[in-house]
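Here is my_file.pdb, consisting of PDB, C-alpha atoms:
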ATOM      1  CA  MET V   1      -0.584  14.855 -31.092
ATOM      2  CA  GLU V   2       1.363  17.947 -32.123
ATOM      3  CA  LYS V   3       1.446  18.635 -35.845
ATOM      4  CA  PRO V   4       5.025  18.304 -37.103
ATOM      5  CA  ASN V   5       6.788  20.971 -39.135
ATOM      6  CA  LEU V   6       6.440  20.010 -42.816
ATOM      7  CA  SER V   7       9.234  22.112 -44.280
ATOM      8  CA  MET V   8      11.161  18.969 -45.186
ATOM      9  CA  ASN V   9      12.008  19.355 -48.909
ATOM     10  CA  GLY V  10      10.435  16.019 -49.852
ATOM     11  CA  ASP V  11      11.548  14.027 -46.790
ATOM     12  CA  PHE V  12       9.132  12.040 -44.641
ATOM     13  CA  LEU V  13       8.271  12.232 -40.966
ATOM     14  CA  VAL V  14       7.721   8.757 -39.516
ATOM     15  CA  VAL V  15       5.574   9.430 -36.460
ATOM     16  CA  GLY V  16       6.032   6.059 -34.753
ATOM     17  CA  PHE V  17       3.974   6.031 -31.551
ATOM     18  CA  SER V  18       4.060   9.787 -30.919
ATOM     19  CA  ASP V  19       0.241   9.747 -30.641
ATOM     20  CA  LEU V  20       0.801   8.113 -27.227
ATOM     21  CA  PRO V  21       3.052  10.691 -25.507
ATOM     22  CA  GLN V  22       2.257   9.430 -22.012
ATOM     23  CA  LEU V  23       3.571   5.963 -22.918
ATOM     24  CA  GLN V  24       6.776   6.937 -24.748
ATOM     25  CA  ILE V  25       9.246   5.778 -22.072
ATOM     26  CA  LEU V  26       7.326   2.569 -21.360
ATOM     27  CA  LEU V  27       7.027   1.696 -25.056
ATOM     28  CA  PHE V  28      10.702   2.450 -25.630
ATOM     29  CA  LEU V  29      11.717   0.065 -22.828
ATOM     30  CA  VAL V  30       9.302  -2.650 -24.014
ATOM     31  CA  PHE V  31      10.504  -2.501 -27.624
ATOM     32  CA  LEU V  32      14.143  -2.335 -26.550
ATOM     33  CA  LEU V  33      13.692  -5.487 -24.463
ATOM     34  CA  VAL V  34      11.816  -7.209 -27.308
ATOM     35  CA  TYR V  35      14.651  -6.424 -29.710
ATOM     36  CA  LEU V  36      17.369  -7.537 -27.277
ATOM     37  CA  PHE V  37      15.597 -10.805 -26.421
ATOM     38  CA  THR V  38      14.877 -11.462 -30.098
ATOM     39  CA  PHE V  39      18.487 -10.831 -31.080
ATOM     40  CA  LEU V  40      20.015 -12.821 -28.211
ATOM     41  CA  GLY V  41      17.508 -15.699 -28.428
ATOM     42  CA  ASN V  42      17.987 -16.232 -32.148
ATOM     43  CA  PHE V  43      21.743 -15.683 -31.917
ATOM     44  CA  LEU V  44      21.941 -18.333 -29.190
ATOM     45  CA  ILE V  45      20.111 -20.792 -31.464
ATOM     46  CA  MET V  46      22.575 -20.108 -34.291
ATOM     47  CA  ILE V  47      25.644 -20.487 -32.060
ATOM     48  CA  THR V  48      24.335 -23.669 -30.425
ATOM     49  CA  ILE V  49      23.547 -25.309 -33.763
ATOM     50  CA  CYS V  50      26.881 -24.312 -35.329
ATOM     51  CA  SER V  51      28.942 -25.510 -32.359
ATOM     52  CA  ASN V  52      27.205 -28.875 -31.825
ATOM     53  CA  PRO V  53      27.900 -31.612 -34.418
ATOM     54  CA  HIS V  54      24.793 -33.541 -33.304
ATOM     55  CA  LEU V  55      22.653 -30.657 -34.578
ATOM     56  CA  HIS V  56      24.236 -30.576 -38.023
ATOM     57  CA  THR V  57      21.113 -31.959 -39.684
ATOM     58  CA  PRO V  58      18.844 -30.383 -42.332
ATOM     59  CA  MET V  59      16.154 -29.478 -39.790
ATOM     60  CA  TYR V  60      18.561 -27.513 -37.592
ATOM     61  CA  PHE V  61      20.328 -26.082 -40.640
ATOM     62  CA  PHE V  62      17.066 -24.451 -41.744
ATOM     63  CA  LEU V  63      16.271 -23.447 -38.154
ATOM     64  CA  SER V  64      19.584 -21.565 -37.949
ATOM     65  CA  TYR V  65      18.728 -19.794 -41.209
ATOM     66  CA  LEU V  66      15.312 -18.888 -39.792
ATOM     67  CA  SER V  67      16.998 -17.422 -36.704
ATOM     68  CA  PHE V  68      19.319 -15.374 -38.904
ATOM     69  CA  LEU V  69      16.282 -14.120 -40.844
ATOM     70  CA  ASP V  70      14.514 -13.110 -37.631
ATOM     71  CA  ILE V  71      17.571 -11.155 -36.466
ATOM     72  CA  SER V  72      17.775  -9.420 -39.860
ATOM     73  CA  TYR V  73      14.015  -8.800 -39.898
ATOM     74  CA  THR V  74      13.952  -6.976 -36.580
ATOM     75  CA  THR V  75      17.255  -5.159 -37.159
ATOM     76  CA  VAL V  76      15.820  -3.558 -40.305
ATOM     77  CA  ILE V  77      13.030  -2.006 -38.191
ATOM     78  CA  PHE V  78      13.835  -1.740 -34.486
ATOM     79  CA  PRO V  79      17.009   0.425 -34.242
ATOM     80  CA  LYS V  80      15.438   3.167 -36.357
ATOM     81  CA  MET V  81      12.093   2.839 -34.588
ATOM     82  CA  LEU V  82      13.732   3.234 -31.169
ATOM     83  CA  CYS V  83      15.307   6.494 -32.368
ATOM     84  CA  TYR V  84      11.844   7.927 -33.088
ATOM     85  CA  PHE V  85      11.011   7.884 -29.389
ATOM     86  CA  PHE V  86      13.639  10.517 -28.567
ATOM     87  CA  MET V  87      14.317  12.296 -31.862
ATOM     88  CA  LYS V  88      11.064  14.102 -32.626
ATOM     89  CA  GLY V  89      10.647  15.328 -36.158
ATOM     90  CA  ILE V  90      13.357  13.052 -37.509
ATOM     91  CA  GLN V  91      13.544  13.313 -41.300
ATOM     92  CA  VAL V  92      13.730  10.238 -43.492
ATOM     93  CA  SER V  93      14.451  10.583 -47.197
ATOM     94  CA  LEU V  94      12.523   8.638 -49.821
ATOM     95  CA  THR V  95      15.708   6.687 -50.598
ATOM     96  CA  GLU V  96      16.075   5.658 -46.930
ATOM     97  CA  CYS V  97      12.409   4.676 -46.829
ATOM     98  CA  LEU V  98      12.659   2.576 -49.974
ATOM     99  CA  LEU V  99      15.826   0.844 -48.757
ATOM    100  CA  GLN V 100      14.183  -0.058 -45.458
ATOM    101  CA  LEU V 101      11.053  -1.235 -47.258
ATOM    102  CA  TYR V 102      13.094  -3.252 -49.779
ATOM    103  CA  PHE V 103      14.997  -5.213 -47.141
ATOM    104  CA  PHE V 104      11.894  -5.608 -44.978
ATOM    105  CA  MET V 105       9.784  -7.013 -47.839
ATOM    106  CA  SER V 106      12.643  -9.147 -49.178
ATOM    107  CA  ILE V 107      13.342 -10.778 -45.818
ATOM    108  CA  GLY V 108       9.610 -11.297 -45.321
ATOM    109  CA  SER V 109       9.364 -13.071 -48.691
ATOM    110  CA  ILE V 110      12.391 -15.219 -47.846
ATOM    111  CA  GLU V 111      10.717 -16.260 -44.593
ATOM    112  CA  PHE V 112       7.631 -17.468 -46.478
ATOM    113  CA  LEU V 113       9.844 -19.558 -48.752
ATOM    114  CA  LEU V 114      11.978 -20.876 -45.891
ATOM    115  CA  LEU V 115       8.906 -21.966 -43.906
ATOM    116  CA  THR V 116       7.772 -23.855 -47.022
ATOM    117  CA  VAL V 117      11.186 -25.498 -47.355
ATOM    118  CA  MET V 118      11.067 -26.479 -43.681
ATOM    119  CA  ALA V 119       7.668 -28.127 -44.260
ATOM    120  CA  TYR V 120       9.149 -30.079 -47.171
ATOM    121  CA  ASP V 121      12.064 -31.122 -44.955
ATOM    122  CA  ARG V 122       9.637 -32.516 -42.368
ATOM    123  CA  TYR V 123       7.696 -34.291 -45.133
ATOM    124  CA  VAL V 124      10.823 -36.073 -46.384
ATOM    125  CA  ALA V 125      11.985 -36.897 -42.834
ATOM    126  CA  ILE V 126       8.685 -38.490 -41.821
ATOM    127  CA  CYS V 127       7.360 -39.918 -45.095
ATOM    128  CA  ASN V 128      10.666 -41.114 -46.529
ATOM    129  CA  PRO V 129      12.975 -41.548 -43.511
ATOM    130  CA  PHE V 130      15.325 -44.132 -45.062
ATOM    131  CA  ASN V 131      16.280 -41.824 -47.926
ATOM    132  CA  TYR V 132      16.104 -38.623 -45.873
ATOM    133  CA  MET V 133      19.831 -37.837 -45.681
ATOM    134  CA  SER V 134      20.417 -38.670 -49.349
ATOM    135  CA  ILE V 135      17.510 -36.475 -50.519
ATOM    136  CA  MET V 136      18.193 -33.612 -48.097
ATOM    137  CA  ASN V 137      21.972 -33.660 -48.462
ATOM    138  CA  ASN V 138      24.176 -30.620 -47.822
ATOM    139  CA  ALA V 139      24.163 -29.496 -51.452
ATOM    140  CA  VAL V 140      20.351 -29.630 -51.682
ATOM    141  CA  CYS V 141      19.915 -27.779 -48.381
ATOM    142  CA  MET V 142      22.310 -25.062 -49.488
ATOM    143  CA  ARG V 143      20.555 -24.672 -52.850
ATOM    144  CA  LEU V 144      17.161 -24.389 -51.170
ATOM    145  CA  ALA V 145      18.445 -21.797 -48.702
ATOM    146  CA  VAL V 146      20.312 -19.716 -51.302
ATOM    147  CA  GLY V 147      17.413 -20.053 -53.764
ATOM    148  CA  SER V 148      14.948 -18.670 -51.212
ATOM    149  CA  TRP V 149      17.234 -15.676 -50.656
ATOM    150  CA  GLY V 150      17.583 -15.044 -54.381
ATOM    151  CA  VAL V 151      13.846 -15.275 -55.084
ATOM    152  CA  GLY V 152      13.021 -13.095 -52.065
ATOM    153  CA  PHE V 153      15.318 -10.255 -53.066
ATOM    154  CA  ILE V 154      14.320 -10.362 -56.759
ATOM    155  CA  ASN V 155      10.602 -10.625 -55.976
ATOM    156  CA  THR V 156      10.587  -7.264 -54.138
ATOM    157  CA  ILE V 157      12.208  -5.186 -56.889
ATOM    158  CA  PRO V 158       8.985  -4.470 -58.915
ATOM    159  CA  HIS V 159       7.233  -3.134 -55.788
ATOM    160  CA  ILE V 160      10.094  -0.774 -54.973
ATOM    161  CA  VAL V 161      10.375   0.460 -58.570
ATOM    162  CA  LEU V 162       6.650   1.271 -58.719
ATOM    163  CA  ILE V 163       6.610   2.970 -55.303
ATOM    164  CA  SER V 164       9.654   5.071 -56.241
ATOM    165  CA  ARG V 165       7.663   6.557 -59.132
ATOM    166  CA  LEU V 166       4.751   7.709 -56.955
ATOM    167  CA  SER V 167       4.085  11.341 -56.101
ATOM    168  CA  PHE V 168       3.662  12.112 -52.408
ATOM    169  CA  CYS V 169       1.664  15.334 -52.351
ATOM    170  CA  LYS V 170      -1.093  14.440 -49.859
ATOM    171  CA  SER V 171       1.207  14.500 -46.860
ATOM    172  CA  HIS V 172       4.794  13.802 -45.856
ATOM    173  CA  ILE V 173       3.739  12.289 -42.543
ATOM    174  CA  VAL V 174       4.059   8.492 -42.462
ATOM    175  CA  ASN V 175       1.691   7.298 -39.741
ATOM    176  CA  HIS V 176       3.605   4.142 -38.886
ATOM    177  CA  PHE V 177       6.683   3.035 -36.943
ATOM    178  CA  PHE V 178       8.616   2.251 -40.144
ATOM    179  CA  CYS V 179       8.350   2.920 -43.881
ATOM    180  CA  ASP V 180       5.613   0.383 -44.460
ATOM    181  CA  MET V 181       4.239   0.010 -47.981
ATOM    182  CA  THR V 182       0.627   0.689 -47.008
ATOM    183  CA  ALA V 183       1.615   3.804 -45.064
ATOM    184  CA  LEU V 184       3.495   5.178 -48.095
ATOM    185  CA  LEU V 185       0.595   4.386 -50.427
ATOM    186  CA  LYS V 186      -1.752   6.224 -48.064
ATOM    187  CA  VAL V 187       0.146   9.515 -48.465
ATOM    188  CA  SER V 188       0.536   9.199 -52.235
ATOM    189  CA  CYS V 189      -1.644  11.257 -54.557
ATOM    190  CA  THR V 190      -0.928   8.863 -57.459
ATOM    191  CA  ASP V 191      -3.353   6.100 -58.401
ATOM    192  CA  THR V 192      -2.134   2.941 -56.628
ATOM    193  CA  VAL V 193      -4.287   0.410 -58.511
ATOM    194  CA  ILE V 194      -1.260  -1.135 -60.264
ATOM    195  CA  ILE V 195       0.633  -1.561 -56.980
ATOM    196  CA  ASP V 196      -2.466  -2.956 -55.257
ATOM    197  CA  THR V 197      -2.898  -5.443 -58.118
ATOM    198  CA  LEU V 198       0.775  -6.431 -57.956
ATOM    199  CA  ASN V 199       0.429  -6.856 -54.196
ATOM    200  CA  TYR V 200      -2.491  -9.261 -54.657
ATOM    201  CA  ILE V 201      -0.714 -11.206 -57.412
ATOM    202  CA  ASN V 202       2.373 -11.452 -55.237
ATOM    203  CA  GLY V 203       0.188 -12.527 -52.328
ATOM    204  CA  VAL V 204      -1.383 -15.310 -54.390
ATOM    205  CA  VAL V 205       1.917 -16.525 -55.853
ATOM    206  CA  MET V 206       4.167 -16.079 -52.829
ATOM    207  CA  VAL V 207       1.888 -16.407 -49.810
ATOM    208  CA  PHE V 208      -1.025 -18.614 -50.846
ATOM    209  CA  LEU V 209       1.020 -20.925 -53.074
ATOM    210  CA  SER V 210       3.614 -21.487 -50.342
ATOM    211  CA  PHE V 211       0.807 -21.992 -47.820
ATOM    212  CA  ILE V 212      -0.856 -24.572 -50.096
ATOM    213  CA  LEU V 213       2.457 -26.424 -50.432
ATOM    214  CA  ILE V 214       2.758 -26.452 -46.630
ATOM    215  CA  ILE V 215      -0.805 -27.812 -46.323
ATOM    216  CA  ILE V 216      -0.055 -30.552 -48.891
ATOM    217  CA  SER V 217       3.145 -31.480 -47.029
ATOM    218  CA  TYR V 218       1.370 -31.710 -43.699
ATOM    219  CA  SER V 219      -1.589 -33.643 -45.071
ATOM    220  CA  LYS V 220       0.852 -36.340 -46.234
ATOM    221  CA  ILE V 221       2.791 -36.084 -42.962
ATOM    222  CA  THR V 222      -0.401 -36.582 -40.943
ATOM    223  CA  SER V 223      -1.366 -39.582 -43.058
ATOM    224  CA  SER V 224       2.065 -41.167 -42.505
ATOM    225  CA  ILE V 225       2.030 -40.480 -38.760
ATOM    226  CA  LEU V 226      -1.413 -42.042 -38.316
ATOM    227  CA  LYS V 227      -0.137 -45.204 -40.007
ATOM    228  CA  MET V 228       2.660 -45.583 -37.461
ATOM    229  CA  LYS V 229       2.139 -48.445 -35.027
ATOM    230  CA  SER V 230       4.312 -46.957 -32.289
ATOM    231  CA  LYS V 231       2.633 -44.326 -30.100
ATOM    232  CA  VAL V 232       6.059 -43.052 -29.094
ATOM    233  CA  GLY V 233       6.964 -42.626 -32.760
ATOM    234  CA  GLN V 234       3.707 -40.794 -33.422
ATOM    235  CA  HIS V 235       4.275 -38.446 -30.510
ATOM    236  CA  LYS V 236       7.856 -37.710 -31.566
ATOM    237  CA  ALA V 237       6.791 -37.049 -35.171
ATOM    238  CA  PHE V 238       3.951 -34.741 -34.127
ATOM    239  CA  SER V 239       6.206 -32.829 -31.709
ATOM    240  CA  THR V 240       8.782 -32.090 -34.431
ATOM    241  CA  CYS V 241       6.016 -30.616 -36.588
ATOM    242  CA  ALA V 242       4.052 -28.716 -33.927
ATOM    243  CA  SER V 243       6.632 -25.937 -33.540
ATOM    244  CA  HIS V 244       6.830 -25.289 -37.264
ATOM    245  CA  LEU V 245       3.040 -25.279 -37.655
ATOM    246  CA  THR V 246       2.668 -22.789 -34.790
ATOM    247  CA  VAL V 247       5.134 -20.385 -36.429
ATOM    248  CA  VAL V 248       3.425 -20.806 -39.813
ATOM    249  CA  MET V 249      -0.007 -19.963 -38.419
ATOM    250  CA  LEU V 250       1.297 -16.976 -36.457
ATOM    251  CA  TYR V 251       3.318 -15.513 -39.328
ATOM    252  CA  TYR V 252       0.913 -16.191 -42.198
ATOM    253  CA  GLY V 253      -2.142 -15.094 -40.222
ATOM    254  CA  SER V 254      -0.691 -11.744 -39.158
ATOM    255  CA  VAL V 255       0.693 -10.895 -42.628
ATOM    256  CA  LEU V 256      -2.528 -11.822 -44.437
ATOM    257  CA  PHE V 257      -4.643  -9.828 -41.981
ATOM    258  CA  THR V 258      -2.413  -6.770 -42.387
ATOM    259  CA  TYR V 259      -1.772  -6.662 -46.137
ATOM    260  CA  MET V 260      -4.333  -8.626 -48.124
ATOM    261  CA  ARG V 261      -6.858  -5.775 -48.191
ATOM    262  CA  PRO V 262      -7.410  -2.787 -50.518
ATOM    263  CA  THR V 263      -5.335   0.247 -49.505
ATOM    264  CA  SER V 264      -8.481   2.367 -49.103
ATOM    265  CA  THR V 265      -9.751   0.183 -46.240
ATOM    266  CA  TYR V 266      -6.619   0.482 -44.098
ATOM    267  CA  SER V 267      -6.646   2.211 -40.751
ATOM    268  CA  MET V 268      -3.064   3.168 -39.942
ATOM    269  CA  SER V 269      -3.674   2.928 -36.197
ATOM    270  CA  ASP V 270      -4.950  -0.646 -36.597
ATOM    271  CA  SER V 271      -2.186  -1.435 -39.079
ATOM    272  CA  LYS V 272       0.520  -0.398 -36.615
ATOM    273  CA  ILE V 273      -0.879  -2.763 -33.998
ATOM    274  CA  SER V 274      -1.320  -5.705 -36.386
ATOM    275  CA  SER V 275       2.172  -5.114 -37.827
ATOM    276  CA  LEU V 276       3.682  -5.687 -34.404
ATOM    277  CA  ALA V 277       2.450  -9.309 -34.565
ATOM    278  CA  TYR V 278       4.871 -10.259 -37.350
ATOM    279  CA  VAL V 279       7.535  -7.560 -36.903
ATOM    280  CA  ALA V 280       8.014  -8.123 -33.169
ATOM    281  CA  MET V 281       6.093 -11.089 -31.779
ATOM    282  CA  THR V 282       6.916 -13.775 -34.365
ATOM    283  CA  PRO V 283      10.728 -13.280 -34.281
ATOM    284  CA  LEU V 284      10.557 -13.064 -30.478
ATOM    285  CA  CYS V 285       8.475 -16.232 -30.121
ATOM    286  CA  ASN V 286      10.359 -18.362 -32.654
ATOM    287  CA  PRO V 287      13.278 -19.220 -30.299
ATOM    288  CA  ILE V 288      10.811 -20.104 -27.537
ATOM    289  CA  ILE V 289       8.495 -22.130 -29.787
ATOM    290  CA  TYR V 290      11.286 -24.138 -31.412
ATOM    291  CA  THR V 291      13.277 -24.894 -28.261
ATOM    292  CA  LEU V 292      10.679 -25.175 -25.488
ATOM    293  CA  LYS V 293       9.801 -28.833 -26.202
ATOM    294  CA  ASN V 294      12.896 -29.754 -28.175
ATOM    295  CA  THR V 295      14.798 -32.110 -25.899
ATOM    296  CA  GLU V 296      17.683 -32.539 -28.343
ATOM    297  CA  PHE V 297      18.290 -28.800 -28.576
ATOM    298  CA  LYS V 298      17.932 -28.258 -24.825
ATOM    299  CA  ASN V 299      20.489 -30.990 -24.145
ATOM    300  CA  ALA V 300      22.895 -29.368 -26.613
ATOM    301  CA  LEU V 301      22.356 -25.998 -24.926
ATOM    302  CA  LEU V 302      22.951 -27.431 -21.443
ATOM    303  CA  LYS V 303      26.091 -29.185 -22.693
ATOM    304  CA  ARG V 304      27.338 -25.886 -24.120
ATOM    305  CA  LYS V 305      26.709 -24.123 -20.784
ATOM    306  CA  ALA V 306      28.519 -26.890 -18.903
ATOM    307  CA  GLN V 307      31.548 -26.538 -21.183
ATOM    308  CA  HIS V 308      31.704 -22.810 -20.505
ATOM    309  CA  ILE V 309      31.453 -23.369 -16.750
ATOM    310  CA  ILE V 310      34.320 -25.886 -16.865
TER
END
Structure translated into structure tokens:
Amino acid sequence: MEKPNLSMNGDFLVVGFSDLPQLQILLFLVFLLVYLFTFLGNFLIMITICSNPHLHTPMYFFLSYLSFLDISYTTVIFPKMLCYFFMKGIQVSLTECLLQLYFFMSIGSIEFLLLTVMAYDRYVAICNPFNYMSIMNNAVCMRLAVGSWGVGFINTIPHIVLISRLSFCKSHIVNHFFCDMTALLKVSCTDTVIIDTLNYINGVVMVFLSFILIIISYSKITSSILKMKSKVGQHKAFSTCASHLTVVMLYYGSVLFTYMRPTSTYSMSDSKISSLAYVAMTPLCNPIIYTLKNTEFKNALLKRKAQHII
């Protein structure tokens, strides 16, 4: 890989995938298609849910919010990343980096909280079905959704404040496809122990605590399902939970593998690959996972298509 010109007056060079020059066009096309399919797939879910009164239930309300999050998540990263393929030596200021990192981390935190809320929604629906609509009424759903957004955006502020005070004298080359926190910490010559500690505390509070709440919800859900006498009812209950559990495992697993390690042990090449799992694959797979076996949603989608044809 050619060494970039470092006369940047404090700006960063985000190298993206420039270490694979022979694959630049192929990677650009792949990531462009991933972004387009992610955007269109999640947008279709949102439009279908909003336009169909039969889908105006708490489960689909939270699913539409998840789709909006996935669109926001990828839009924070992909448009800028696609530019790196053709604009070599593109300069990114520290302010731009911190803004991208702030929205990326905030939306990621919101997704953890929303997945936890969705697990709680399934718990109420299956374990307390007769009181489901009174417990998960519109006001409660809105508070849970807005609360997750508020906590997510506030939770990220300490990280950004601490990173903004770092000195970046080792290098101004960010070996990643976006301004990732670990990539910025790697090029800092300031001691990052405080940020690493905050990252672990945040991981315990935000990630592990939400994961434990999901496990508790599903342990009670499983117990209730096994007590059902109807096999059809059991199958329907399990199918409504399977999609959510798949997304939880995919998202939590990839984030924990990427971030819950000391900064000194990171390999940026490995980090770029593992980051693609939650930056690209999870938002892309969510529309497929949630709609592939969802008969109710597929019927609503087919009805919407039929209306357009008529």
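With CA of Leu23 (chain V) on one side and CA of Tyr73 (chain V) on the other, the separation reads 24.8 Å.
Atom to atom, CA of Cys179 (chain V) and CA of Tyr35 (chain V) stand 18.1 Å apart.
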Find the residues around Ala183 (chain V) up to 6 Å (only C-alpha atoms counted), leave out those fewer than 3 positions away in its own chain, and share them as an MDAnalysis selection string. chainID V and resid 174 180 186
Find the spatial neighbours of region 202-216 of chain V, counting all atoms listed in the file, within a cut-off of 12 Å - ignore same-chain residues fewer than 4 positions away - and output them as JSON, numbers by chain. {"V": [105, 106, 108, 109, 110, 111, 112, 113, 114, 115, 116, 117, 118, 119, 120, 121, 122, 123, 148, 151, 152, 155, 156, 157, 158, 159, 195, 196, 197, 198, 220, 221, 222, 223, 241, 244, 245, 248, 249, 251, 252, 253, 254, 255, 256, 257, 258, 259, 260, 261]}
What separates CA of Ala242 (chain V) and CA of Tyr290 (chain V) is a distance of 8.9 Å
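Considering the residues V:Val30, V:Leu36, V:Ile45, V:Val14 and counting all atoms listed in the file, Asn294 (chain V) has its shortest atom-to-atom contact with V:Ile45.
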The PyMOL selection byres ((chain V and resi 50) around 12) resolved against shown file, as JSON, numbers by chain: {"V": [43, 44, 45, 46, 47, 48, 49, 51, 52, 53, 54, 55, 56, 57, 60, 61, 62, 63, 64, 65, 297, 300, 301, 304]}
Any chance you could build region 22-29 of chain V out to all heavy atoms and write it as a PDB file, in the frame of the given file?
ATOM      1  N   GLN V  22       2.165   9.851 -23.405  1.00  0.00           N
ATOM      2  CA  GLN V  22       2.257   9.430 -22.012  1.00  0.00           C
ATOM      3  C   GLN V  22       2.897   8.055 -21.860  1.00  0.00           C
ATOM      4  O   GLN V  22       3.284   7.659 -20.759  1.00  0.00           O
ATOM      5  CB  GLN V  22       0.856   9.434 -21.351  1.00  0.00           C
ATOM      6  CG  GLN V  22      -0.100   8.374 -21.858  1.00  0.00           C
ATOM      7  CD  GLN V  22      -0.797   8.741 -23.162  1.00  0.00           C
ATOM      8  OE1 GLN V  22      -0.432   9.698 -23.836  1.00  0.00           O
ATOM      9  NE2 GLN V  22      -1.810   7.968 -23.522  1.00  0.00           N
ATOM     10  N   LEU V  23       3.022   7.319 -22.974  1.00  0.00           N
ATOM     11  CA  LEU V  23       3.571   5.963 -22.918  1.00  0.00           C
ATOM     12  C   LEU V  23       4.928   5.849 -23.609  1.00  0.00           C
ATOM     13  O   LEU V  23       5.415   4.733 -23.813  1.00  0.00           O
ATOM     14  CB  LEU V  23       2.588   4.976 -23.571  1.00  0.00           C
ATOM     15  CG  LEU V  23       1.207   4.828 -22.921  1.00  0.00           C
ATOM     16  CD1 LEU V  23       0.343   3.891 -23.740  1.00  0.00           C
ATOM     17  CD2 LEU V  23       1.334   4.317 -21.487  1.00  0.00           C
ATOM     18  N   GLN V  24       5.549   6.964 -23.966  1.00  0.00           N
ATOM     19  CA  GLN V  24       6.776   6.937 -24.748  1.00  0.00           C
ATOM     20  C   GLN V  24       7.908   6.160 -24.061  1.00  0.00           C
ATOM     21  O   GLN V  24       8.546   5.296 -24.670  1.00  0.00           O
ATOM     22  CB  GLN V  24       7.243   8.363 -25.051  1.00  0.00           C
ATOM     23  CG  GLN V  24       6.337   9.121 -26.006  1.00  0.00           C
ATOM     24  CD  GLN V  24       6.332   8.523 -27.402  1.00  0.00           C
ATOM     25  OE1 GLN V  24       7.291   8.627 -28.143  1.00  0.00           O
ATOM     26  NE2 GLN V  24       5.233   7.875 -27.758  1.00  0.00           N
ATOM     27  N   ILE V  25       8.148   6.437 -22.794  1.00  0.00           N
ATOM     28  CA  ILE V  25       9.246   5.778 -22.072  1.00  0.00           C
ATOM     29  C   ILE V  25       8.958   4.291 -21.905  1.00  0.00           C
ATOM     30  O   ILE V  25       9.837   3.436 -22.122  1.00  0.00           O
ATOM     31  CB  ILE V  25       9.477   6.439 -20.700  1.00  0.00           C
ATOM     32  CG1 ILE V  25       9.939   7.890 -20.889  1.00  0.00           C
ATOM     33  CG2 ILE V  25      10.514   5.651 -19.894  1.00  0.00           C
ATOM     34  CD1 ILE V  25      10.125   8.652 -19.601  1.00  0.00           C
ATOM     35  N   LEU V  26       7.714   3.969 -21.547  1.00  0.00           N
ATOM     36  CA  LEU V  26       7.326   2.569 -21.360  1.00  0.00           C
ATOM     37  C   LEU V  26       7.458   1.792 -22.669  1.00  0.00           C
ATOM     38  O   LEU V  26       8.023   0.687 -22.696  1.00  0.00           O
ATOM     39  CB  LEU V  26       5.896   2.482 -20.838  1.00  0.00           C
ATOM     40  CG  LEU V  26       5.322   1.067 -20.663  1.00  0.00           C
ATOM     41  CD1 LEU V  26       6.145   0.266 -19.665  1.00  0.00           C
ATOM     42  CD2 LEU V  26       3.855   1.116 -20.243  1.00  0.00           C
ATOM     43  N   LEU V  27       6.952   2.365 -23.760  1.00  0.00           N
ATOM     44  CA  LEU V  27       7.027   1.696 -25.056  1.00  0.00           C
ATOM     45  C   LEU V  27       8.468   1.523 -25.507  1.00  0.00           C
ATOM     46  O   LEU V  27       8.837   0.483 -26.065  1.00  0.00           O
ATOM     47  CB  LEU V  27       6.239   2.490 -26.105  1.00  0.00           C
ATOM     48  CG  LEU V  27       4.717   2.448 -25.980  1.00  0.00           C
ATOM     49  CD1 LEU V  27       4.071   3.397 -26.986  1.00  0.00           C
ATOM     50  CD2 LEU V  27       4.182   1.033 -26.173  1.00  0.00           C
ATOM     51  N   PHE V  28       9.288   2.546 -25.264  1.00  0.00           N
ATOM     52  CA  PHE V  28      10.702   2.450 -25.630  1.00  0.00           C
ATOM     53  C   PHE V  28      11.363   1.274 -24.907  1.00  0.00           C
ATOM     54  O   PHE V  28      12.078   0.478 -25.523  1.00  0.00           O
ATOM     55  CB  PHE V  28      11.432   3.744 -25.285  1.00  0.00           C
ATOM     56  CG  PHE V  28      12.926   3.650 -25.461  1.00  0.00           C
ATOM     57  CD1 PHE V  28      13.504   3.785 -26.719  1.00  0.00           C
ATOM     58  CD2 PHE V  28      13.756   3.407 -24.368  1.00  0.00           C
ATOM     59  CE1 PHE V  28      14.877   3.680 -26.888  1.00  0.00           C
ATOM     60  CE2 PHE V  28      15.134   3.309 -24.528  1.00  0.00           C
ATOM     61  CZ  PHE V  28      15.691   3.452 -25.794  1.00  0.00           C
ATOM     62  N   LEU V  29      11.122   1.153 -23.612  1.00  0.00           N
ATOM     63  CA  LEU V  29      11.717   0.065 -22.828  1.00  0.00           C
ATOM     64  C   LEU V  29      11.204  -1.293 -23.279  1.00  0.00           C
ATOM     65  O   LEU V  29      11.968  -2.263 -23.374  1.00  0.00           O
ATOM     66  CB  LEU V  29      11.428   0.282 -21.337  1.00  0.00           C
ATOM     67  CG  LEU V  29      12.101   1.491 -20.685  1.00  0.00           C
ATOM     68  CD1 LEU V  29      11.613   1.665 -19.256  1.00  0.00           C
ATOM     69  CD2 LEU V  29      13.619   1.336 -20.708  1.00  0.00           C
TER      70      LEU V  29
END
